[in-house]
$ cat model.cif   # mmCIF, C-alpha atoms
data_input
loop_
_atom_site.label_atom_id
_atom_site.label_comp_id
_atom_site.auth_asym_id
_atom_site.auth_seq_id
_atom_site.Cartn_x
_atom_site.Cartn_y
_atom_site.Cartn_z
CA MET A 140 -23.68 87.55 36.07
CA SER A 141 -24.22 88.57 32.44
CA ALA A 142 -22.43 86.96 29.51
CA VAL A 143 -20.63 89.95 28.00
CA PRO A 144 -17.69 89.09 25.75
CA ASP A 145 -14.27 90.39 26.74
CA PRO A 146 -12.15 91.29 23.66
CA ASN A 147 -9.03 90.19 25.52
CA LEU A 148 -10.31 86.66 26.03
CA THR A 149 -11.09 83.69 23.78
CA TYR A 150 -14.45 81.94 23.55
CA LEU A 151 -14.67 78.28 22.56
CA GLU A 152 -18.08 76.83 21.82
CA GLY A 153 -19.57 73.43 22.46
CA MET A 154 -18.73 70.49 24.68
CA THR A 155 -16.45 68.94 22.04
CA SER A 156 -14.23 72.02 22.13
CA ILE A 157 -14.41 72.27 25.91
CA ASN A 158 -13.44 68.63 26.44
CA ALA A 159 -10.58 69.00 23.96
CA LEU A 160 -9.37 72.08 25.83
CA PHE A 161 -9.44 70.15 29.11
CA ASP A 162 -7.39 67.36 27.51
CA GLY A 163 -4.86 69.83 26.12
CA ILE A 164 -4.39 71.42 29.53
CA ARG A 165 -4.03 68.02 31.22
CA THR A 166 -1.36 66.84 28.77
CA GLY A 167 0.56 70.12 29.01
CA VAL A 168 0.38 71.14 25.33
CA ASN A 169 -2.06 73.96 26.09
CA ASP A 170 -1.61 76.62 28.77
CA ARG A 171 -4.95 78.41 28.48
CA SER A 172 -6.68 79.26 31.75
CA VAL A 173 -10.44 78.76 31.75
CA THR A 174 -12.09 81.69 33.54
CA ARG A 175 -15.79 80.96 33.06
CA ILE A 176 -18.05 78.43 31.35
CA PHE A 177 -21.49 79.67 30.38
CA TYR A 178 -24.48 77.45 29.83
CA ASP A 179 -27.96 78.06 28.46
CA GLY A 180 -30.34 78.09 31.41
CA SER A 181 -33.29 77.14 29.21
CA ARG A 182 -31.63 73.81 28.42
CA LYS A 183 -30.49 72.83 31.89
CA ASP A 184 -32.96 69.96 32.21
CA LYS A 185 -31.90 68.43 28.88
CA LYS A 186 -28.22 69.13 29.55
CA PHE A 187 -28.17 67.89 33.15
CA ARG A 188 -25.38 65.39 32.54
CA GLU A 189 -23.07 67.94 30.87
CA ILE A 190 -23.74 70.56 33.55
CA SER A 191 -23.01 68.02 36.30
CA PHE A 192 -19.74 67.15 34.60
CA LEU A 193 -18.75 70.80 34.28
CA LYS A 194 -19.55 71.39 37.95
CA SER A 195 -17.29 68.49 38.89
CA GLN A 196 -14.42 69.88 36.80
CA SER A 197 -14.65 73.49 37.97
CA PRO A 198 -12.39 72.96 41.03
CA VAL A 199 -9.86 71.15 38.81
CA PHE A 200 -9.59 73.90 36.19
CA GLY A 201 -10.53 76.87 38.36
CA TYR A 202 -13.45 78.34 36.41
CA SER A 203 -16.90 79.47 37.48
CA LEU A 204 -19.99 77.93 35.91
CA THR A 205 -22.46 80.62 34.91
CA GLU A 206 -26.06 80.29 33.76
CA CYS A 207 -27.21 82.76 31.10
CA GLY A 208 -29.86 83.26 28.46
CA ALA A 209 -29.77 81.77 24.97
CA ASP A 210 -29.30 85.16 23.29
CA GLU A 211 -26.45 86.10 25.63
CA LEU A 212 -24.73 82.79 24.92
CA SER A 213 -25.02 83.21 21.17
CA GLY A 214 -23.58 86.71 21.48
CA LEU A 215 -20.30 85.31 22.78
CA VAL A 216 -19.41 83.36 19.62
CA SER A 217 -19.72 83.70 15.87
CA GLY A 218 -20.88 80.15 15.20
CA HIS A 219 -24.11 78.30 15.88
CA SER A 220 -22.79 75.00 17.17
CA HIS A 221 -22.33 75.80 20.86
CA GLY A 222 -25.07 73.37 21.93
CA GLY A 223 -25.70 75.47 25.01
CA PHE A 224 -22.10 75.78 26.28
CA VAL A 225 -19.32 78.33 25.79
CA ALA A 226 -15.95 78.44 27.56
CA GLU A 227 -14.23 81.76 28.25
CA CYS A 228 -10.46 81.40 28.46
CA THR A 229 -7.16 83.23 28.13
CA ASP A 230 -4.97 83.19 25.04
CA ARG A 231 -2.70 80.24 24.41
CA THR A 232 1.07 80.50 24.39
CA VAL A 233 2.61 78.93 21.31
CA PRO A 234 6.22 77.94 22.11
CA ALA A 235 9.05 78.87 19.77
CA LEU A 236 10.27 75.98 17.65
CA GLU A 237 13.90 76.99 18.21
CA SER A 238 13.58 76.53 21.97
CA THR A 239 11.68 73.23 21.83
CA PRO A 240 13.86 70.11 21.73
CA LEU A 241 12.52 67.50 19.28
CA SER A 242 13.79 63.93 19.31
CA GLY A 243 11.77 62.38 16.49
CA GLY A 244 8.30 61.66 15.23
CA PHE A 245 5.99 63.37 12.75
CA TYR A 246 5.36 67.10 12.48
CA ALA A 247 3.67 69.22 9.85
CA LEU A 248 4.41 72.73 8.63
CA LEU A 249 1.22 74.42 7.39
CA GLU A 250 2.30 77.30 5.17
CA GLY A 251 0.18 79.99 3.53
CA ILE A 252 -3.23 78.72 4.62
CA GLU A 253 -5.48 81.76 4.88
CA ASP A 254 -8.86 80.26 5.75
CA PRO A 255 -9.39 79.24 9.42
CA TYR A 256 -11.81 76.48 8.40
CA ASN A 257 -9.17 74.91 6.13
CA PHE A 258 -6.56 75.34 8.84
CA GLY A 259 -8.77 73.59 11.38
CA SER A 260 -9.66 70.79 8.96
CA CYS A 261 -5.96 70.16 8.30
CA ILE A 262 -5.28 69.92 12.02
CA ARG A 263 -8.14 67.45 12.39
CA SER A 264 -6.61 65.07 9.83
CA LEU A 265 -3.06 65.50 11.08
CA TYR A 266 -4.05 64.74 14.67
CA ALA A 267 -6.17 61.76 13.60
CA PHE A 268 -3.20 60.19 11.82
CA GLY A 269 -0.72 60.69 14.61
CA ALA A 270 1.08 63.99 14.01
CA ASP A 271 3.02 64.99 17.11
CA GLY A 272 2.62 68.69 16.41
CA ILE A 273 2.22 71.45 13.85
CA VAL A 274 4.39 74.44 13.02
CA VAL A 275 2.81 77.79 12.23
CA THR A 276 4.43 80.89 10.79
CA GLU A 277 3.39 84.43 9.89
CA ARG A 278 -0.39 84.18 10.32
CA ASP A 279 -1.63 84.80 13.88
CA TRP A 280 -4.58 82.45 14.40
CA SER A 281 -5.36 83.56 17.95
CA ASN A 282 -8.22 85.82 16.83
CA ALA A 283 -9.80 82.92 14.94
CA ALA A 284 -9.27 80.34 17.68
CA SER A 285 -12.99 79.60 18.04
CA VAL A 286 -13.43 78.92 14.32
CA VAL A 287 -10.25 76.83 14.12
CA CYS A 288 -11.29 74.87 17.19
CA ARG A 289 -14.75 74.21 15.82
CA SER A 290 -13.56 73.14 12.37
CA SER A 291 -10.91 70.85 13.88
CA ALA A 292 -13.46 69.15 16.18
CA GLY A 293 -11.56 70.64 19.10
CA LEU A 294 -8.26 69.06 18.12
CA SER A 295 -6.47 72.39 17.65
CA GLU A 296 -6.60 72.63 21.44
CA ARG A 297 -5.12 69.14 21.90
CA ILE A 298 -2.24 69.19 19.43
CA LEU A 299 1.15 70.74 20.14
CA GLN A 300 1.63 73.97 18.20
CA LEU A 301 5.05 75.51 17.62
CA ARG A 302 5.83 78.88 16.05
CA CYS A 303 8.67 79.98 13.83
CA GLN A 304 9.45 83.28 12.11
CA SER A 305 9.56 81.86 8.60
CA PRO A 306 9.02 78.57 6.76
CA GLU A 307 12.69 78.54 5.77
CA GLN A 308 13.74 78.88 9.40
CA ALA A 309 11.39 76.07 10.38
CA ALA A 310 12.85 73.76 7.73
CA ALA A 311 16.39 74.59 8.81
CA CYS A 312 15.54 73.94 12.45
CA PHE A 313 14.08 70.52 11.68
CA LYS A 314 17.09 69.70 9.53
CA ASN A 315 19.32 70.44 12.50
CA TYR A 316 17.26 67.99 14.55
CA GLY A 317 17.84 65.27 11.95
CA PHE A 318 14.38 65.33 10.37
CA ARG A 319 13.73 64.64 6.70
CA ILE A 320 11.72 67.36 4.95
CA VAL A 321 8.98 66.13 2.61
CA CYS A 322 6.97 68.67 0.60
CA ALA A 323 3.64 68.18 -1.12
CA ASN A 324 4.69 69.61 -4.48
CA ILE A 325 4.25 68.45 -8.07
CA ARG A 326 7.59 69.52 -9.58
CA ASP A 327 10.35 66.87 -9.42
CA SER A 328 8.06 64.69 -7.32
CA VAL A 329 7.54 60.98 -6.77
CA PRO A 330 4.12 59.37 -6.31
CA LEU A 331 3.05 59.37 -2.69
CA GLU A 332 2.79 55.57 -2.59
CA GLU A 333 6.44 55.23 -3.66
CA ALA A 334 7.87 57.78 -1.24
CA ASP A 335 10.03 57.11 1.79
CA LEU A 336 8.01 58.67 4.61
CA SER A 337 10.10 57.38 7.49
CA PHE A 338 10.19 59.16 10.82
CA PRO A 339 11.54 61.58 11.89
CA LEU A 340 9.64 63.59 9.32
CA LEU A 341 8.48 67.14 8.69
CA LEU A 342 5.63 67.20 6.18
CA VAL A 343 5.18 70.59 4.48
CA ILE A 344 1.73 71.45 3.13
CA GLY A 345 1.13 74.70 1.30
CA GLY A 346 -2.03 76.74 0.92
CA GLU A 347 -4.05 76.60 -2.28
CA LYS A 348 -3.08 80.12 -3.42
CA ARG A 349 0.45 80.65 -2.14
CA GLY A 350 1.87 77.13 -2.03
CA ILE A 351 5.24 76.37 -0.47
CA SER A 352 8.11 78.86 -0.23
CA ARG A 353 10.96 78.44 -2.73
CA GLY A 354 13.48 78.33 0.11
CA VAL A 355 11.71 75.38 1.70
CA LEU A 356 11.42 73.54 -1.63
CA ASP A 357 15.13 74.07 -2.28
CA SER A 358 16.07 72.57 1.08
CA CYS A 359 13.64 69.65 1.16
CA ASP A 360 14.67 66.01 0.80
CA LEU A 361 11.73 64.91 -1.29
CA ASN A 362 8.69 66.20 -3.16
CA VAL A 363 5.62 63.98 -3.27
CA ARG A 364 2.43 64.12 -5.29
CA ILE A 365 -1.00 62.55 -5.04
CA ASP A 366 -1.81 60.68 -8.25
CA TYR A 367 -5.46 60.52 -9.27
CA SER A 368 -7.55 57.68 -10.64
CA SER A 369 -9.21 59.77 -13.34
CA ASP A 370 -8.31 62.44 -15.89
CA PHE A 371 -8.81 65.16 -13.25
CA LYS A 372 -6.43 68.02 -14.13
CA GLY A 373 -6.92 70.19 -11.06
CA SER A 374 -5.66 69.87 -7.52
CA LEU A 375 -7.27 68.82 -4.29
CA GLY A 376 -8.13 71.36 -1.64
CA THR A 377 -5.60 71.74 1.15
CA ALA A 378 -7.74 69.97 3.74
CA ALA A 379 -8.39 66.95 1.49
CA ALA A 380 -4.72 66.72 0.53
CA ALA A 381 -3.66 66.93 4.19
CA ALA A 382 -5.91 63.98 5.05
CA ILE A 383 -4.41 61.80 2.31
CA LEU A 384 -0.83 62.81 3.08
CA ALA A 385 -1.18 62.30 6.83
CA GLN A 386 -2.83 58.90 6.38
CA SER A 387 -0.03 57.84 4.03
CA VAL A 388 2.63 58.86 6.55
CA ALA A 389 0.87 56.88 9.27
CA ARG A 390 0.39 53.79 7.10
CA TYR A 391 4.00 53.83 5.88
CA ASN A 392 5.45 53.90 9.39
CA ILE A 393 3.02 51.32 10.75
CA SER A 394 4.06 49.00 7.91
CA LYS A 395 7.74 49.56 8.73
CA GLU A 396 7.11 48.48 12.33
CA HIS A 397 5.85 45.10 11.11
CA LEU A 398 8.69 44.32 8.70
#
$ encode --input "model.cif" --output "structure tokens"
Amino acid sequence: MSAVPDPNLTYLEGMTSINALFDGIRTGVNDRSVTRIFYDGSRKDKKFREISFLKSQSPVFGYSLTECGADELSGLVSGHSHGGFVAECTDRTVPALESTPLSGGFYALLEGIEDPYNFGSCIRSLYAFGADGIVVTERDWSNAASVVCRSSAGLSERILQLRCQSPEQAAACFKNYGFRIVCANIRDSVPLEEADLSFPLLLVIGGEKRGISRGVLDSCDLNVRIDYSSDFKGSLGTAAAAAILAQSVARYNISKEHL
């Protein structure tokens, strides 16, 4: 069977992405169906362990395992990090925030991020530091799922994603659930290390060009800033800022548990 891409399906590359997809399906945060997994036949001796694992999982996830040529495999994806494996799967359903009951924890609203690599890098940091989910608005990332997955080390497939029509609606919804809204914004801000970052918390991170919507800033409980240790007058990139902010949220709440 030849490896011809289907424009109606999504292709995730590499075992890291495939394993993350499996984990997301197992935990119920991801409803993709895996239809086929392709592997590079010229590498089957070196990749014996991975192929054996994929064979063992095919009855669990209901896909067929298909051998193909290296050029065919590369033609399925835009990147070069597949390592000999590509998963073909259906689109993912992103539940509506308004219909998803939330009882607490740590969520992040990523607003105005245009670059899929930055988006994926933000997800990577947020997941690493314990975010329960992310909220997305406006931008449809489904067509860039492979890039987002790759740049997030697969974690975009493992984290809960919720959709909302607008950032303002998302903030209002979290307010109704009793969450505090904390925005990464310079104006009227307090230093990050002095901020109350208690759960339940919605952390709002804006893109480098568009920032955070005025309606969200007007409704937030607190603005925080990252102070630097030099005379640097610029701002960090979104992905770097997300890593610092998420780590600070995690550290603050871990410290509270031990008081």
$ closest_residue --input "model.cif" --among "A:Asp145, A:Glu307, A:Glu227, A:Asp370" --to "Ile157 in chain A" --atoms "only C-alpha atoms"
A:Glu227
$ residues_near_point --input "model.cif" --point "(-4.0, 73.1, 8.1)" --cutoff "8 Å" --atoms "all atoms listed in the file" --output "MDAnalysis selection string"
chainID A and resid 249 252 257:262 344 377:378 381
$ residues_around --input "model.cif" --residues "range 197-210 of chain A" --least-positions-apart "6" --cutoff "9 Å" --atoms "all atoms listed in the file" --output "JSON, numbers by chain"
{"A": [140, 141, 142, 161, 164, 172, 173, 174, 175, 176, 177, 178, 179, 180, 181, 182, 183, 190, 223, 227]}
$ write_last_selection --input "model.cif" --atoms "C-alpha atoms" --output "tab-separated table (two decimals), in the frame of the given file"
chain	number	residue	atom	x	y	z
A	140	MET	CA	-23.68	87.55	36.07
A	141	SER	CA	-24.22	88.57	32.44
A	142	ALA	CA	-22.43	86.96	29.51
A	161	PHE	CA	-9.44	70.15	29.11
A	164	ILE	CA	-4.39	71.42	29.53
A	172	SER	CA	-6.68	79.26	31.75
A	173	VAL	CA	-10.44	78.76	31.75
A	174	THR	CA	-12.09	81.69	33.54
A	175	ARG	CA	-15.79	80.96	33.06
A	176	ILE	CA	-18.05	78.43	31.35
A	177	PHE	CA	-21.49	79.67	30.38
A	178	TYR	CA	-24.48	77.45	29.83
A	179	ASP	CA	-27.96	78.06	28.46
A	180	GLY	CA	-30.34	78.09	31.41
A	181	SER	CA	-33.29	77.14	29.21
A	182	ARG	CA	-31.63	73.81	28.42
A	183	LYS	CA	-30.49	72.83	31.89
A	190	ILE	CA	-23.74	70.56	33.55
A	223	GLY	CA	-25.70	75.47	25.01
A	227	GLU	CA	-14.23	81.76	28.25
$ residues_around --input "model.cif" --residues "Leu361 in chain A" --least-positions-apart "3" --cutoff "12 Å" --atoms "all atoms listed in the file" --output "list in words"
Phe318, Arg319, Ile320, Val321, Cys322, Ala323, Asn324, Ile325, Arg326, Asp327, Ser328, Val329, Pro330, Leu331, Glu333, Ala334, Asp335, Leu336, Ser337, Leu340, Leu341, Leu342, Val343, Val355, Leu356, Asp357, Ser358 and Arg364 of chain A
$ closest_residue --input "model.cif" --among "A:Phe224, A:Phe245, A:Phe268, A:Tyr256" --to "Ser291 in chain A" --atoms "all atoms listed in the file"
A:Tyr256
$ residues_around --input "model.cif" --residues "Tyr367 in chain A" --least-positions-apart "6" --cutoff "12 Å" --atoms "all atoms listed in the file" --output "list in words"
Pro330, Leu331, Glu332, Gly373, Ser374, Leu375, Ala380 and Ile383 of chain A
$ residues_around --input "model.cif" --residues "Ala309 in chain A" --least-positions-apart "4" --cutoff "9 Å" --atoms "only C-alpha atoms" --output "PDB file with C-alpha atoms, keeping the file's coordinate frame"
ATOM      1  CA  LEU A 236      10.270  75.980  17.650  1.00  0.00           C
ATOM      2  CA  GLU A 237      13.900  76.990  18.210  1.00  0.00           C
ATOM      3  CA  LEU A 248       4.410  72.730   8.630  1.00  0.00           C
ATOM      4  CA  VAL A 274       4.390  74.440  13.020  1.00  0.00           C
ATOM      5  CA  VAL A 275       2.810  77.790  12.230  1.00  0.00           C
ATOM      6  CA  THR A 276       4.430  80.890  10.790  1.00  0.00           C
ATOM      7  CA  ARG A 302       5.830  78.880  16.050  1.00  0.00           C
ATOM      8  CA  CYS A 303       8.670  79.980  13.830  1.00  0.00           C
ATOM      9  CA  GLN A 304       9.450  83.280  12.110  1.00  0.00           C
ATOM     10  CA  SER A 305       9.560  81.860   8.600  1.00  0.00           C
ATOM     11  CA  PHE A 313      14.080  70.520  11.680  1.00  0.00           C
ATOM     12  CA  LYS A 314      17.090  69.700   9.530  1.00  0.00           C
ATOM     13  CA  VAL A 355      11.710  75.380   1.700  1.00  0.00           C
TER      14      VAL A 355
END
$ closest_residue --input "model.cif" --among "A:Ile273, A:Ala247, A:Leu301, A:Cys359" --to "Ala385 in chain A" --atoms "only C-alpha atoms"
A:Ala247
$ closest_residue --input "model.cif" --among "A:Arg297, A:Ala159, A:Gly244, A:Gly376" --to "Ala270 in chain A" --atoms "all atoms listed in the file"
A:Gly244
$ atom_distance --input "model.cif" --atom1 "CA of Leu294 in chain A" --atom2 "CA of Arg263 in chain A"
6.0 Å
$ resolve_selection --input "model.cif" --expression "the PyMOL selection byres ((chain A and resi 148) around 12)" --output "PyMOL selection string"
chain A and resi 143-147+149-151+171-175+215-216+226-231+281-285
$ closest_residue --input "model.cif" --among "A:Phe338, A:Tyr316, A:Phe187, A:Tyr246" --to "Asn392 in chain A" --atoms "only C-alpha atoms"
A:Phe338
$ atom_distance --input "model.cif" --atom1 "CA of Leu160 in chain A" --atom2 "CA of Pro306 in chain A"
27.3 Å
